[in-house]
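What follows is a short report on a single structure.
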Number of protein chains: 2
Amino acid sequence: MREDTSKNSIDTRSRILDAAESLFMEYGFDGTSMRLITGQAGVNLAAINYHFGSKELLFQEVFRRRLTDLNRRRIAVLDALEAEAGGAPLKPSRIVEAFFGEALRMAADVEGGGHTFMRLLGRTYTEPNDFVRQFLAEEYAECVDRFLAALYRALPEVERTEILWRFHFMMGAMSYAIAGTDALQLLAGKFDDEDPARLASRLMSFLLGGLRAPLADPGPA
Amino acid sequence: MREDTSKNSIDTRSRILDAAESLFMEYGFDGTSMRLITGQAGVNLAAINYHFGSKELLFQEVFRRRLTDLNRRRIAVLDALEAEAGGAPLKPSRIVEAFFGEALRMAADVEGGGHTFMRLLGRTYTEPNDFVRQFLAEEYAECVDRFLAALYRALPEVERTEILWRFHFMMGAMSYAIAGTDALQLLAGKFDDEDPARLASRLMSFLLGGLRAPLADPGPA
DNA sequence: GTATGATTAAAACAACTGTTTGATTTGTGT
DNA sequence: ACACAAATCAAACAGTTGTTTTAATCATAC
C-alpha cells in the first residue's frame with residue numbers, strides 16, 4: 001500500500017509542484033486555492049506552507065524548477081554555435097532557432113509536464129503581477145542578454161530597438177501558439193489536431209519570416 | 001457639488017465599466033474584487049449586482065461594450081475592400097491589415113480607454129475560463145469567419161490549416177505586443193519608449209513577413 | 001529502545017469573497 | 001403635491017481565502 005521510503009518528503013514536494021503546475025496553468029494564480037492544490041496532490045493543506053513558505057513562493061518554485069534548466073540549455077546551444085563559428089557572427093536564423101527551439105522541445109514533452117509548464121509560462125507573461133515580473137526578470141536576465149547580444153552582432157546594420165521589438169513579437173507568437181491553443185480552437189471552430197507535432201516547424205518558419213521582413217517605415221504620418 | 005441630471009444611472013453604469021476594465025486588465029478576473037471595482041468607481045457595492053446581475057456578467061459587458069464595435073468596423077473595412085475589388089480575390093496583406101489595423105487603431109487610443117481594453121483582451125486570450133471562452137467565441141464568430149473566408153479565397157493554393165495557424169500566430173504576436181509591454185520592458189531591461197506610436201507599423205511588417213514566409217516542411221523526422 | 005528532529009495531521013484563525021436583503025433616497029409623470 | 005418606479009445605501013449573509021497553531025506521527029542516530 002505504501003511505497004515511500006526516506007524520500008517521503010521530497011515526494012510530497014514534487015507532488016505539490018506537479019499539481020500546482022497543472023492547476024495554475026488551468027485556473028491562474030488567483031483562481032487556484034491551496035485546498036485545490038493539496039487536494040489534487042493528496043497531501044495535507046499545511047504542507048505547502050511547510051515546504052515552500054507561502055503560495056507565492058510555491059508559484060515561484062514551479063517556475064524555477066523548469067526555467068533554470070531551460071535557459072541553461074539555451075545558453076549551452078548558443079555556446080556551441082558560437083564555438084563552432086569561431087568568432088564569426090552567427091546567422092540570425094540559427095540564433096532564433098536555438099532560443100525558440102529549446103522552448104518548443106520542452107512544449108512537445110507532454111508526459112513529463114513540459115507542455116503544461118510552457119502553457120503556464122505563456123499565460124503568465126500577460127499577467128503582470130509585480131512579484132512574478134520581478135522573478136521572471138531575474139530568471140531570464142542572463143539568457144536574454146546573451147541572445148540579444150548575439151542578435152546584435154549578427155545584425156549590426158539593424159537598429160537595436162528594432163531587434164528588441166522583433167524578439168518581443170516572436171515571444172508573443174510562440175507563447176500564444178502554445179498557451180492559446182484553446183483560443184484558436186475556439187475562434188476557428190473545428191480544427192484538425194493531427195498537428196501538434198508539426199507545430200514547431202510551422203511556428204519556426206513563421207518566426208523566421210517575421211524576423212526577415214523589411215523594416216517598417218519610421219514615420220506613419 | 002452635483003452635476004448629474006437624469007443620466008445618473010447610466011453614469012453609474014459606465015463608471016463601473018471603466019473601473020472594471022482598468023482593474024480587470026491589471027489584476028485579472030479573479031484578482032479583482034467587487035469592492036475594489038466599486039471603490040474605484042465611487043459607487044455602492046451593490047451597484048454591480050443591481051446594474052449587471054453578477055461579476056461574470058459585468059466582465060462580459062466590459063468586453064461587449066468594445067468588441068462589438070471593433071468587429072463591426074473590421075467587417076465594414078473588409079466589405080469596402082471587397083466592393084472595391086469587385087469580385088476579384090483580395091491581396092492577403094490587405095486582409096491582414098484590415099483585421100489587425102483596426103485593433104491597433106483601438107490600442108492607440110489611450111485616453112478613450114481603447115489601449116486598456118486591448119491589453120485586457122490580450123491577457124484574456126490566455127485565460128481559458130470556460131464562460132469567457134464561450135462568450136468570446138460567439139462575439140468573434142462572424143468576424144473571424146468573414147476574414148478567414150477572405151484569406152482562403154486570397155490564397156487558394158495554401159492549405160486552410162496552414163492559414164489557420166498563421167492567423168493564430170499573428171493574433172499572438174499582436175496580443176503580446178500590446179498586452180505584454182511590461183514583459184518586454186522587463187526582459188530587455190531599459191527600453192526607449194519613444195515608439196508606442198510606431199508599434200503599429202513595426203508589428204504590421206512583422207506580421208506580413210510571417211504571413212509570406214515559406215511553408216514549413218511537413219515532416220520533421 | 002529511546003531520544004531527537006523532520007514531517008504530517010486536524011483544527012482554528014481573522015480577513016475577504018460575491019451576493020442578497022430591506023430600508024431609504026432619488027427622479028419622473030401626473 | 002402626490003404616487004410610483006428606479007436607484008442607492010448600509011448591513012448582513014454564508015462560504016472561501018491563505019496562514020498559523022498545536023498535537024501526533026514519522027524516520028533516523030545513538
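All residue names refer to the C-alpha cells as shown: chains lettered A, B, ... in order, residues numbered from 1 in each chain, ligands numbered from 1 in order.
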Please write out chain A, superposed on chain B by least squares over all C-alpha atoms matched in order, as a compact mmCIF listing (two decimals) with C-alpha atoms, in the first residue's frame.
```txt
# COMPACT_ATOMS: atom_id res chain seq x y z
CA MET A 1 -21.19 69.72 -6.33
CA ARG A 2 -23.43 67.45 -8.35
CA GLU A 3 -23.72 67.37 -12.10
CA ASP A 4 -25.87 64.35 -12.81
CA THR A 5 -29.33 64.88 -14.18
CA SER A 6 -31.47 62.05 -15.38
CA LYS A 7 -28.53 60.12 -16.77
CA ASN A 8 -27.51 59.30 -13.24
CA SER A 9 -27.94 55.58 -13.62
CA ILE A 10 -26.22 55.27 -16.97
CA ASP A 11 -23.42 57.30 -15.48
CA THR A 12 -23.11 54.77 -12.69
CA ARG A 13 -23.07 51.99 -15.24
CA SER A 14 -20.22 53.44 -17.25
CA ARG A 15 -18.27 54.43 -14.17
CA ILE A 16 -18.39 50.80 -13.12
CA LEU A 17 -17.44 49.61 -16.60
CA ASP A 18 -14.48 51.96 -16.79
CA ALA A 19 -13.17 50.99 -13.39
CA ALA A 20 -13.72 47.29 -14.08
CA GLU A 21 -11.95 47.48 -17.42
CA SER A 22 -8.90 49.05 -15.89
CA LEU A 23 -8.79 46.79 -12.85
CA PHE A 24 -9.48 43.56 -14.73
CA MET A 25 -6.62 44.49 -17.03
CA GLU A 26 -4.25 45.03 -14.15
CA TYR A 27 -5.23 42.24 -11.74
CA GLY A 28 -7.25 39.78 -13.82
CA PHE A 29 -10.75 38.53 -13.16
CA ASP A 30 -10.07 36.63 -9.96
CA GLY A 31 -7.65 39.21 -8.66
CA THR A 32 -10.19 42.02 -8.88
CA SER A 33 -12.79 42.19 -6.11
CA MET A 34 -16.18 43.81 -6.30
CA ARG A 35 -15.19 46.19 -3.52
CA LEU A 36 -12.13 47.27 -5.45
CA ILE A 37 -14.20 48.05 -8.52
CA THR A 38 -16.99 49.89 -6.73
CA GLY A 39 -14.43 51.73 -4.63
CA GLN A 40 -12.57 53.04 -7.66
CA ALA A 41 -15.82 53.82 -9.43
CA GLY A 42 -17.12 55.67 -6.40
CA VAL A 43 -20.38 53.74 -6.27
CA ASN A 44 -22.04 51.46 -3.79
CA LEU A 45 -21.00 47.83 -3.56
CA ALA A 46 -24.44 46.54 -4.51
CA ALA A 47 -24.50 48.59 -7.70
CA ILE A 48 -22.70 45.91 -9.71
CA ASN A 49 -25.24 43.23 -8.91
CA TYR A 50 -28.07 45.66 -9.44
CA HIS A 51 -26.94 46.91 -12.85
CA PHE A 52 -25.22 43.83 -14.25
CA GLY A 53 -26.48 40.90 -12.25
CA SER A 54 -23.16 39.36 -11.27
CA LYS A 55 -19.41 39.77 -11.51
CA GLU A 56 -19.24 37.44 -14.49
CA LEU A 57 -21.91 39.34 -16.38
CA LEU A 58 -20.07 42.58 -15.68
CA PHE A 59 -16.92 41.00 -17.10
CA GLN A 60 -18.77 40.05 -20.25
CA GLU A 61 -20.28 43.51 -20.59
CA VAL A 62 -16.80 45.05 -20.36
CA PHE A 63 -15.90 43.07 -23.46
CA ARG A 64 -19.14 43.47 -25.31
CA ARG A 65 -19.03 47.23 -24.97
CA ARG A 66 -15.91 47.47 -27.13
CA LEU A 67 -15.73 44.21 -29.06
CA THR A 68 -19.02 44.57 -30.88
CA ASP A 69 -17.98 47.86 -32.39
CA LEU A 70 -14.45 46.68 -33.14
CA ASN A 71 -15.62 43.67 -35.08
CA ARG A 72 -18.30 45.71 -36.82
CA ARG A 73 -15.62 48.12 -38.01
CA ARG A 74 -13.43 45.26 -39.17
CA ILE A 75 -16.23 43.82 -41.24
CA ALA A 76 -17.04 47.24 -42.65
CA VAL A 77 -13.46 47.65 -43.85
CA LEU A 78 -13.51 44.20 -45.37
CA ASP A 79 -16.79 44.99 -47.09
CA ALA A 80 -15.27 48.13 -48.56
CA LEU A 81 -12.21 46.25 -49.79
CA GLU A 82 -14.28 43.56 -51.43
CA ALA A 83 -16.60 46.08 -53.02
CA GLU A 84 -13.61 47.92 -54.40
CA ALA A 85 -12.12 44.71 -55.77
CA GLY A 86 -15.35 43.84 -57.51
CA GLY A 87 -15.33 40.07 -57.11
CA ALA A 88 -11.57 39.60 -57.51
CA PRO A 89 -9.72 38.00 -54.58
CA LEU A 90 -8.00 40.48 -52.30
CA LYS A 91 -4.33 40.78 -51.56
CA PRO A 92 -3.59 38.84 -48.36
CA SER A 93 -1.73 41.79 -46.94
CA ARG A 94 -4.79 44.00 -47.31
CA ILE A 95 -6.91 41.50 -45.43
CA VAL A 96 -4.43 41.25 -42.61
CA GLU A 97 -4.05 45.00 -42.48
CA ALA A 98 -7.79 45.38 -42.18
CA PHE A 99 -8.14 42.93 -39.31
CA PHE A 100 -5.14 43.93 -37.25
CA GLY A 101 -5.11 47.55 -38.28
CA GLU A 102 -8.47 48.16 -36.64
CA ALA A 103 -7.25 46.51 -33.45
CA LEU A 104 -4.09 48.57 -33.46
CA ARG A 105 -6.08 51.73 -34.02
CA MET A 106 -8.09 50.92 -30.94
CA ALA A 107 -4.93 50.13 -28.99
CA ALA A 108 -3.56 53.52 -29.93
CA ASP A 109 -6.50 55.27 -28.25
CA VAL A 110 -5.07 55.78 -24.80
CA GLU A 111 -7.38 58.48 -23.43
CA GLY A 112 -10.58 56.79 -24.56
CA GLY A 113 -9.64 53.53 -22.86
CA GLY A 114 -9.08 51.53 -26.04
CA HIS A 115 -5.50 50.88 -25.04
CA THR A 116 -6.54 49.51 -21.68
CA PHE A 117 -9.15 47.32 -23.26
CA MET A 118 -6.82 45.82 -25.83
CA ARG A 119 -4.38 44.92 -23.08
CA LEU A 120 -7.21 43.28 -21.19
CA LEU A 121 -8.28 41.41 -24.29
CA GLY A 122 -4.76 40.19 -24.89
CA ARG A 123 -4.32 38.74 -21.44
CA THR A 124 -7.78 37.21 -21.52
CA TYR A 125 -6.93 35.08 -24.55
CA THR A 126 -4.57 33.07 -22.39
CA GLU A 127 -7.02 32.75 -19.50
CA PRO A 128 -9.21 29.97 -20.72
CA ASN A 129 -12.07 30.41 -18.29
CA ASP A 130 -14.92 28.44 -19.69
CA PHE A 131 -17.47 31.19 -19.53
CA VAL A 132 -15.10 33.68 -21.13
CA ARG A 133 -14.18 31.35 -23.94
CA GLN A 134 -17.79 30.64 -24.75
CA PHE A 135 -18.55 34.31 -24.80
CA LEU A 136 -15.56 35.39 -26.89
CA ALA A 137 -16.32 32.66 -29.40
CA GLU A 138 -19.79 33.99 -30.04
CA GLU A 139 -18.59 37.57 -30.15
CA TYR A 140 -15.85 36.77 -32.69
CA ALA A 141 -17.59 34.15 -34.77
CA GLU A 142 -18.96 36.23 -37.62
CA CYS A 143 -15.91 38.43 -37.99
CA VAL A 144 -13.40 35.60 -37.97
CA ASP A 145 -15.49 33.62 -40.43
CA ARG A 146 -15.52 36.53 -42.83
CA PHE A 147 -11.80 37.17 -42.63
CA LEU A 148 -10.84 33.52 -42.87
CA ALA A 149 -13.06 33.13 -45.89
CA ALA A 150 -11.36 36.12 -47.48
CA LEU A 151 -7.94 34.64 -46.77
CA TYR A 152 -8.96 31.26 -48.16
CA ARG A 153 -10.05 32.97 -51.35
CA ALA A 154 -6.92 35.08 -51.50
CA LEU A 155 -4.62 32.08 -51.03
CA PRO A 156 -6.36 29.18 -52.78
CA GLU A 157 -3.13 27.23 -53.19
CA VAL A 158 -2.36 27.21 -49.45
CA GLU A 159 -3.88 24.57 -47.20
CA ARG A 160 -6.53 26.02 -44.94
CA THR A 161 -4.95 24.54 -41.87
CA GLU A 162 -1.80 26.49 -42.61
CA ILE A 163 -3.77 29.70 -42.93
CA LEU A 164 -5.45 29.01 -39.61
CA TRP A 165 -2.14 28.56 -37.88
CA ARG A 166 -0.67 31.71 -39.37
CA PHE A 167 -3.71 33.63 -38.28
CA HIS A 168 -3.22 32.25 -34.79
CA PHE A 169 0.43 33.23 -34.76
CA MET A 170 -0.43 36.73 -35.88
CA MET A 171 -3.06 37.06 -33.17
CA GLY A 172 -0.47 36.01 -30.64
CA ALA A 173 2.18 38.42 -31.82
CA MET A 174 -0.27 41.29 -31.74
CA SER A 175 -1.72 40.45 -28.36
CA TYR A 176 1.68 40.24 -26.79
CA ALA A 177 2.85 43.38 -28.48
CA ILE A 178 0.01 45.19 -26.74
CA ALA A 179 -0.68 43.24 -23.57
CA GLY A 180 2.85 42.22 -22.72
CA THR A 181 4.65 45.52 -22.93
CA ASP A 182 5.60 45.15 -19.31
CA ALA A 183 7.08 41.76 -20.02
CA LEU A 184 9.28 43.22 -22.72
CA GLN A 185 10.46 46.09 -20.57
CA LEU A 186 11.28 43.47 -18.06
CA LEU A 187 13.25 41.08 -20.21
CA ALA A 188 15.12 43.74 -22.07
CA GLY A 189 15.90 45.95 -19.13
CA LYS A 190 15.96 49.51 -20.30
CA PHE A 191 13.80 50.20 -23.30
CA ASP A 192 13.35 53.52 -25.01
CA ASP A 193 9.66 54.15 -25.24
CA GLU A 194 9.68 56.80 -27.86
CA ASP A 195 7.89 54.26 -29.97
CA PRO A 196 4.38 53.22 -28.90
CA ALA A 197 3.22 55.32 -31.84
CA ARG A 198 5.38 53.28 -34.20
CA LEU A 199 4.22 50.00 -32.77
CA ALA A 200 1.55 49.59 -35.42
CA SER A 201 3.88 49.86 -38.39
CA ARG A 202 6.53 47.71 -36.73
CA LEU A 203 4.07 44.99 -35.90
CA MET A 204 2.37 45.06 -39.26
CA SER A 205 5.58 44.49 -41.15
CA PHE A 206 6.45 41.63 -38.83
CA LEU A 207 3.04 40.07 -39.33
CA LEU A 208 3.23 40.34 -43.10
CA GLY A 209 6.69 38.85 -43.07
CA GLY A 210 5.40 35.88 -41.14
CA LEU A 211 2.40 35.55 -43.41
CA ARG A 212 4.59 35.47 -46.50
CA ALA A 213 7.15 33.05 -45.07
CA PRO A 214 7.62 29.78 -46.94
CA LEU A 215 5.59 26.92 -45.57
CA ALA A 216 7.27 24.53 -43.21
CA ASP A 217 8.38 21.05 -44.17
CA PRO A 218 5.44 18.76 -43.46
CA GLY A 219 7.49 16.01 -41.87
CA PRO A 220 10.18 16.79 -39.26
CA ALA A 221 11.24 13.15 -38.89
```
Exercise for the section: Write out as a list in words the residues lying within 8 Å of range 21-27 of chain D, counting only C-alpha atoms (C1' of nucleotides) and excluding same-chain residues fewer than 2 positions away. Expected result: Ser6 of chain A; DA6, DT7, DT8 and DA9 of chain C
For DC13 in chain C, list every protein, DNA or RNA residue within 12 Å, evaluated using only C-alpha atoms (C1' of nucleotides), and leave out those in the same chain fewer than 2 positions away; present the list as a compact mmCIF listing (two decimals) with N, CA, C and O atoms (P, O5', C5', C4', C3', O3' and C1' of nucleotides), in the first residue's frame.
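Here's the written file result_10.txt:
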```
# COMPACT_ATOMS: atom_id res chain seq x y z
P DA C 11 -10.66 17.55 13.21
O5' DA C 11 -10.44 19.04 13.78
C5' DA C 11 -9.56 19.22 14.88
C4' DA C 11 -9.24 20.69 15.06
C3' DA C 11 -10.42 21.64 14.83
O3' DA C 11 -10.65 22.41 15.99
C1' DA C 11 -8.48 22.41 13.71
P DA C 15 -8.70 40.66 11.23
O5' DA C 15 -8.74 40.55 9.64
C5' DA C 15 -7.61 40.03 8.94
C4' DA C 15 -8.00 39.65 7.53
C3' DA C 15 -8.90 40.69 6.84
O3' DA C 15 -8.36 41.02 5.58
C1' DA C 15 -9.82 38.51 6.65
P DT D 17 -11.35 28.49 -1.83
O5' DT D 17 -10.37 29.58 -1.21
C5' DT D 17 -10.31 30.89 -1.80
C4' DT D 17 -9.48 31.83 -0.93
C3' DT D 17 -8.19 31.24 -0.41
O3' DT D 17 -7.18 31.37 -1.39
C1' DT D 17 -9.30 32.50 1.28
P DG D 18 -5.91 30.41 -1.35
O5' DG D 18 -4.97 31.07 -0.25
C5' DG D 18 -4.54 32.41 -0.39
C4' DG D 18 -3.77 32.85 0.84
C3' DG D 18 -2.52 32.03 1.18
O3' DG D 18 -1.50 32.90 1.67
C1' DG D 18 -4.08 31.88 2.96
P DT D 19 -0.06 32.29 2.11
O5' DT D 19 -0.24 32.13 3.68
C5' DT D 19 -0.71 33.24 4.44
C4' DT D 19 -0.92 32.84 5.89
C3' DT D 19 0.25 32.05 6.52
O3' DT D 19 0.83 32.83 7.55
C1' DT D 19 -1.87 31.11 7.07
P DT D 20 2.09 32.31 8.36
O5' DT D 20 1.40 31.74 9.67
C5' DT D 20 0.39 32.51 10.33
C4' DT D 20 -0.14 31.75 11.54
C3' DT D 20 0.93 31.02 12.37
O3' DT D 20 0.85 31.48 13.71
C1' DT D 20 -0.87 29.55 11.83
P DT D 21 1.92 30.95 14.81
O5' DT D 21 1.07 29.86 15.61
C5' DT D 21 -0.32 30.09 15.85
C4' DT D 21 -0.96 28.86 16.47
C3' DT D 21 -0.06 28.04 17.39
O3' DT D 21 -0.72 27.78 18.61
C1' DT D 21 -1.03 26.63 15.76
```
Per residue of chain D within 12 Å of chain B, note the shortest atom pair and the distance in Å to one decimal, counting only C-alpha atoms (C1' of nucleotides), and order the rows by chain and increasing residue number, as JSON lines.
```
{"residue": "D:DA6", "atom": "C1'", "partner": "B:Ser9", "partner_atom": "CA", "distance": 8.8}
{"residue": "D:DA7", "atom": "C1'", "partner": "B:Ser9", "partner_atom": "CA", "distance": 7.0}
{"residue": "D:DT8", "atom": "C1'", "partner": "B:Asn44", "partner_atom": "CA", "distance": 7.1}
{"residue": "D:DC9", "atom": "C1'", "partner": "B:Asn44", "partner_atom": "CA", "distance": 7.0}
{"residue": "D:DA10", "atom": "C1'", "partner": "B:Asn44", "partner_atom": "CA", "distance": 9.5}
{"residue": "D:DA11", "atom": "C1'", "partner": "B:Ala46", "partner_atom": "CA", "distance": 11.4}
```
File of the preceding selection, N, CA and C atoms (P, O5', C5', C4', C3', O3' and C1' of nucleotides), as a CSV table (one decimal), in the first residue's frame:
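That gives us part31.csv:
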```
chain,number,residue,atom,x,y,z
D,6,DA,P,-39.0,50.5,-12.8
D,6,DA,O5',-37.7,51.4,-12.7
D,6,DA,C5',-37.7,52.8,-13.1
D,6,DA,C4',-36.5,53.5,-12.5
D,6,DA,C3',-35.2,52.7,-12.5
D,6,DA,O3',-34.1,53.4,-12.9
D,6,DA,C1',-35.7,53.5,-10.3
D,7,DA,P,-32.7,52.7,-13.1
D,7,DA,O5',-31.9,53.2,-11.8
D,7,DA,C5',-31.8,54.5,-11.5
D,7,DA,C4',-31.3,54.7,-10.0
D,7,DA,C3',-30.0,54.0,-9.7
D,7,DA,O3',-29.0,55.0,-9.3
D,7,DA,C1',-31.6,53.7,-8.0
D,8,DT,P,-27.5,54.5,-9.1
D,8,DT,O5',-27.4,54.6,-7.5
D,8,DT,C5',-27.7,55.8,-6.8
D,8,DT,C4',-27.8,55.6,-5.3
D,8,DT,C3',-26.6,55.0,-4.7
D,8,DT,O3',-26.1,55.9,-3.7
D,8,DT,C1',-28.7,54.0,-3.9
D,9,DC,P,-24.6,55.7,-3.2
D,9,DC,O5',-25.0,55.0,-1.7
D,9,DC,C5',-25.8,55.7,-0.8
D,9,DC,C4',-26.4,54.8,0.2
D,9,DC,C3',-25.3,53.9,0.9
D,9,DC,O3',-24.9,54.6,2.1
D,9,DC,C1',-27.3,52.7,0.5
D,10,DA,P,-23.5,54.2,2.8
D,10,DA,O5',-23.9,53.3,3.9
D,10,DA,C5',-24.9,53.7,4.8
D,10,DA,C4',-25.5,52.5,5.5
D,10,DA,C3',-24.5,51.7,6.3
D,10,DA,O3',-25.0,51.4,7.6
D,10,DA,C1',-25.7,50.3,4.9
D,11,DA,P,-24.1,50.7,8.7
D,11,DA,O5',-24.6,49.2,8.7
D,11,DA,C5',-26.0,48.9,8.7
D,11,DA,C4',-26.3,47.5,8.4
D,11,DA,C3',-25.4,46.5,9.1
D,11,DA,O3',-26.1,45.6,9.9
D,11,DA,C1',-25.7,45.9,6.8
```
Handout entry: chain C contacts to chain B at 8 Å (only C-alpha atoms (C1' of nucleotides)) as a ChimeraX atom specification
Key = /C:17-19,27
Practice task
Per DSSP on the backbone, filter range 7-133 of chain B down to the residues in helix (DSSP H, G or I) and report them as a VMD selection string.
Solution key: chain B and resid 8 to 27 34 to 41 47 to 52 55 to 85 92 to 107 114 to 125 130 to 133
